[in-house]
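The block underneath contains the structure these notes are about, expressed in structure tokens.
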Amino acid sequence: MKTLFCLLLAGLTLGACSSPPVHYYTLVAPSAPSGAAKEPVPFLIDVLPIGLPEQLDQAQLVVRQGASRVVMPDGERWAAPLGDELRQALSAELTSRLATRDVAGLVKPANQSVLQIKLQVRRLDFWPGEKLELEADWSLVMADAPGGAQLLCHGRFNEPATGSYPALVQAGQHALSVLAARVAADARGWARSPPSKCTG
């Protein structure tokens, strides 16, 4: 009986050891964007929580297979909830490109203008070995502007990704960088002459 127990225990231990590893990914780029601003803008920013389709708000990567099938591989996960990953990545890019600070979650200073930035992701399609497609809307509103005037913009971004999951995530980082460049350009134009038109 003792021998049987030991064999069962050994089998369970080996089974646990043979479990596939879990890989965690982040959309936050490892360094400041190459398009970092030299001239600071005369306002702070408040990057609001990111809007996401419910089917994308998962711990695992959601990847496309064919025209109508998606899979969520157990071993390929986000380091934080996807909405948080997107907000952190966008905030890091914008604070660098605009040479300002993100005051999200903080008390807004009474003596400085704050630009609220809201991003709504419409599509975020990962195609393993092929590409990444990102479609999003964003709005810009000066928190202290009379009448609540705002700028509404839209963009589609495609990035090649010929490798596996790490390549897909790197494509996502690059797509967010390109999107952030558009948002930053819109923000500068808005600050100069609101209401301005969207760039791109």
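All residue names refer to the structure tokens as shown: chains lettered A, B, ... in order, residues numbered from 1 in each chain, ligands numbered from 1 in order.
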
Original post:
DSSP on the backbone: what in chain A comes out alpha helix (DSSP H), as JSON, numbers by chain?
Top reply: {"A": [2, 3, 4, 5, 6, 7, 8, 9, 10, 11, 12, 13, 14, 15, 16, 17, 82, 83, 84, 85, 86, 87, 88, 89, 90, 91, 92, 93, 94, 95, 96, 97, 98, 165, 166, 167, 168, 169, 170, 171, 172, 173, 174, 175, 176, 177, 178, 179, 180, 181, 182, 183, 184, 185, 186, 187, 188, 189, 190, 191, 192]}

Subject >> Polymer residues at most 6 Å from segment 149-153 of chain A, only C-alpha atoms, same-chain spacing of 4 or more positions, as a list in words >> reply: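 Once the nearby chain positions are removed, what remains is Asp137, Trp138, Ser139, Leu140, Val141 and Cys198 of chain A.
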
Original post:
Skipping near chain neighbours, those fewer than 6 positions away, what residues fall within 6 Å of segment 80-92 of chain A using only C-alpha atoms, listed as an NGL selection string?
Top reply: :A and (27-28 or 50)

**OP:** Please identify all polymer residues within 8 Å of segment 161-178 of chain A, counting only C-alpha atoms, omitting same-chain residues fewer than 6 positions from it, and present them as a PyMOL selection string.
**Re:** chain A and resi 25-29+33+76+89-90+93+126-132+134

Kindly save the residues from that selection, with N, CA and C atoms included, as an mmCIF file, in the first residue's frame.
```cif
data_model
loop_
_atom_site.group_PDB
_atom_site.id
_atom_site.type_symbol
_atom_site.label_atom_id
_atom_site.label_comp_id
_atom_site.auth_asym_id
_atom_site.auth_seq_id
_atom_site.Cartn_x
_atom_site.Cartn_y
_atom_site.Cartn_z
ATOM 1 N N TYR A 25 2.766 39.049 -20.675
ATOM 2 C CA TYR A 25 3.155 40.093 -21.625
ATOM 3 C C TYR A 25 2.637 41.451 -21.167
ATOM 4 N N THR A 26 3.344 42.495 -21.604
ATOM 5 C CA THR A 26 2.915 43.861 -21.323
ATOM 6 C C THR A 26 2.926 44.670 -22.615
ATOM 7 N N LEU A 27 2.009 45.610 -22.717
ATOM 8 C CA LEU A 27 1.967 46.527 -23.854
ATOM 9 C C LEU A 27 2.752 47.805 -23.592
ATOM 10 N N VAL A 28 3.290 47.940 -22.387
ATOM 11 C CA VAL A 28 4.098 49.114 -22.055
ATOM 12 C C VAL A 28 5.483 48.939 -22.661
ATOM 13 N N ALA A 29 5.875 49.850 -23.532
ATOM 14 C CA ALA A 29 7.175 49.772 -24.195
ATOM 15 C C ALA A 29 8.303 49.922 -23.181
ATOM 16 N N PRO A 33 9.349 56.778 -26.268
ATOM 17 C CA PRO A 33 9.213 56.745 -27.723
ATOM 18 C C PRO A 33 10.229 57.625 -28.415
ATOM 19 N N GLU A 76 -0.544 32.076 -22.405
ATOM 20 C CA GLU A 76 -0.165 33.390 -22.936
ATOM 21 C C GLU A 76 -1.097 34.429 -22.313
ATOM 22 N N ALA A 89 0.274 52.024 -21.140
ATOM 23 C CA ALA A 89 1.086 52.216 -22.347
ATOM 24 C C ALA A 89 0.785 53.573 -22.980
ATOM 25 N N LEU A 90 -0.509 53.911 -23.100
ATOM 26 C CA LEU A 90 -0.882 55.190 -23.697
ATOM 27 C C LEU A 90 -0.393 56.353 -22.845
ATOM 28 N N GLU A 93 3.404 56.871 -23.279
ATOM 29 C CA GLU A 93 3.708 57.470 -24.579
ATOM 30 C C GLU A 93 3.349 58.951 -24.608
ATOM 31 N N PHE A 126 -5.571 40.123 -32.995
ATOM 32 C CA PHE A 126 -4.252 39.511 -33.091
ATOM 33 C C PHE A 126 -4.345 38.315 -34.040
ATOM 34 N N TRP A 127 -3.562 38.355 -35.112
ATOM 35 C CA TRP A 127 -3.516 37.262 -36.074
ATOM 36 C C TRP A 127 -2.124 36.629 -35.993
ATOM 37 N N PRO A 128 -1.963 35.510 -35.276
ATOM 38 C CA PRO A 128 -0.624 34.906 -35.103
ATOM 39 C C PRO A 128 0.052 34.637 -36.442
ATOM 40 N N GLY A 129 1.308 35.069 -36.537
ATOM 41 C CA GLY A 129 2.091 34.860 -37.739
ATOM 42 C C GLY A 129 1.748 35.789 -38.878
ATOM 43 N N GLU A 130 0.834 36.746 -38.656
ATOM 44 C CA GLU A 130 0.414 37.630 -39.745
ATOM 45 C C GLU A 130 0.485 39.110 -39.374
ATOM 46 N N LYS A 131 -0.434 39.547 -38.495
ATOM 47 C CA LYS A 131 -0.567 40.987 -38.262
ATOM 48 C C LYS A 131 -1.369 41.261 -37.001
ATOM 49 N N LEU A 132 -1.411 42.538 -36.661
ATOM 50 C CA LEU A 132 -2.273 43.049 -35.604
ATOM 51 C C LEU A 132 -3.086 44.202 -36.189
ATOM 52 N N LEU A 134 -5.734 47.318 -35.016
ATOM 53 C CA LEU A 134 -6.292 48.106 -33.921
ATOM 54 C C LEU A 134 -7.165 49.200 -34.512
#
```

Original post:
Distance atom CA of Leu98 of chain A-atom CA of Asp186 of chain A, one decimal place?
Top reply: 10.9 Å

Original post:
Closest to Pro42 of chain A among A:Ser113, A:Thr199, A:Ser193, A:Ser19, using only C-alpha atoms?
Top reply: A:Ser113

**OP:** Per DSSP on the backbone, filter chain A down to the residues in strand (DSSP E or B) and report them as a PyMOL selection string.
**Re:** chain A and resi 23-25+44-47+51+60+63-65+69-71+76-78+102+114-127+131-142+150-160

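Distances to Ala99 of chain A were evaluated for A:Val47, A:Pro30, A:Val63, A:Arg188 using only C-alpha atoms, and the minimum falls at A:Arg188.
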
Subject >> Straight-line distance linking atom CA of Ala184 of chain A with atom CA of Leu48 of chain A, stated in Å to one decimal >> reply: 15.0 Å

**OP:** Quick one: pull the distance between atom CA of Glu159 of chain A and atom CA of Ala79 of chain A, Å, one decimal.
**Re:** 21.6 Å

**OP:** With a distance cut-off of 6 Å and only C-alpha atoms, select the neighbouring residues of Glu133 of chain A, excluding the residue or stretch itself and same-chain residues fewer than 6 positions from it, and output the selection as number ranges by chain.
**Re:** A: 124-125, 157-158

For C-alpha atoms, I'd like the residues from the last selection saved as a PDB file, in the first residue's frame.
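That gives us part.pdb:
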```pdb
ATOM      1  CA  LEU A 124      -7.993  44.687 -31.353  1.00  0.00           C
ATOM      2  CA  ASP A 125      -7.349  41.654 -33.541  1.00  0.00           C
ATOM      3  CA  PHE A 157      -3.686  50.874 -37.303  1.00  0.00           C
ATOM      4  CA  ASN A 158      -2.187  47.736 -38.852  1.00  0.00           C
TER       5      ASN A 158
END
```
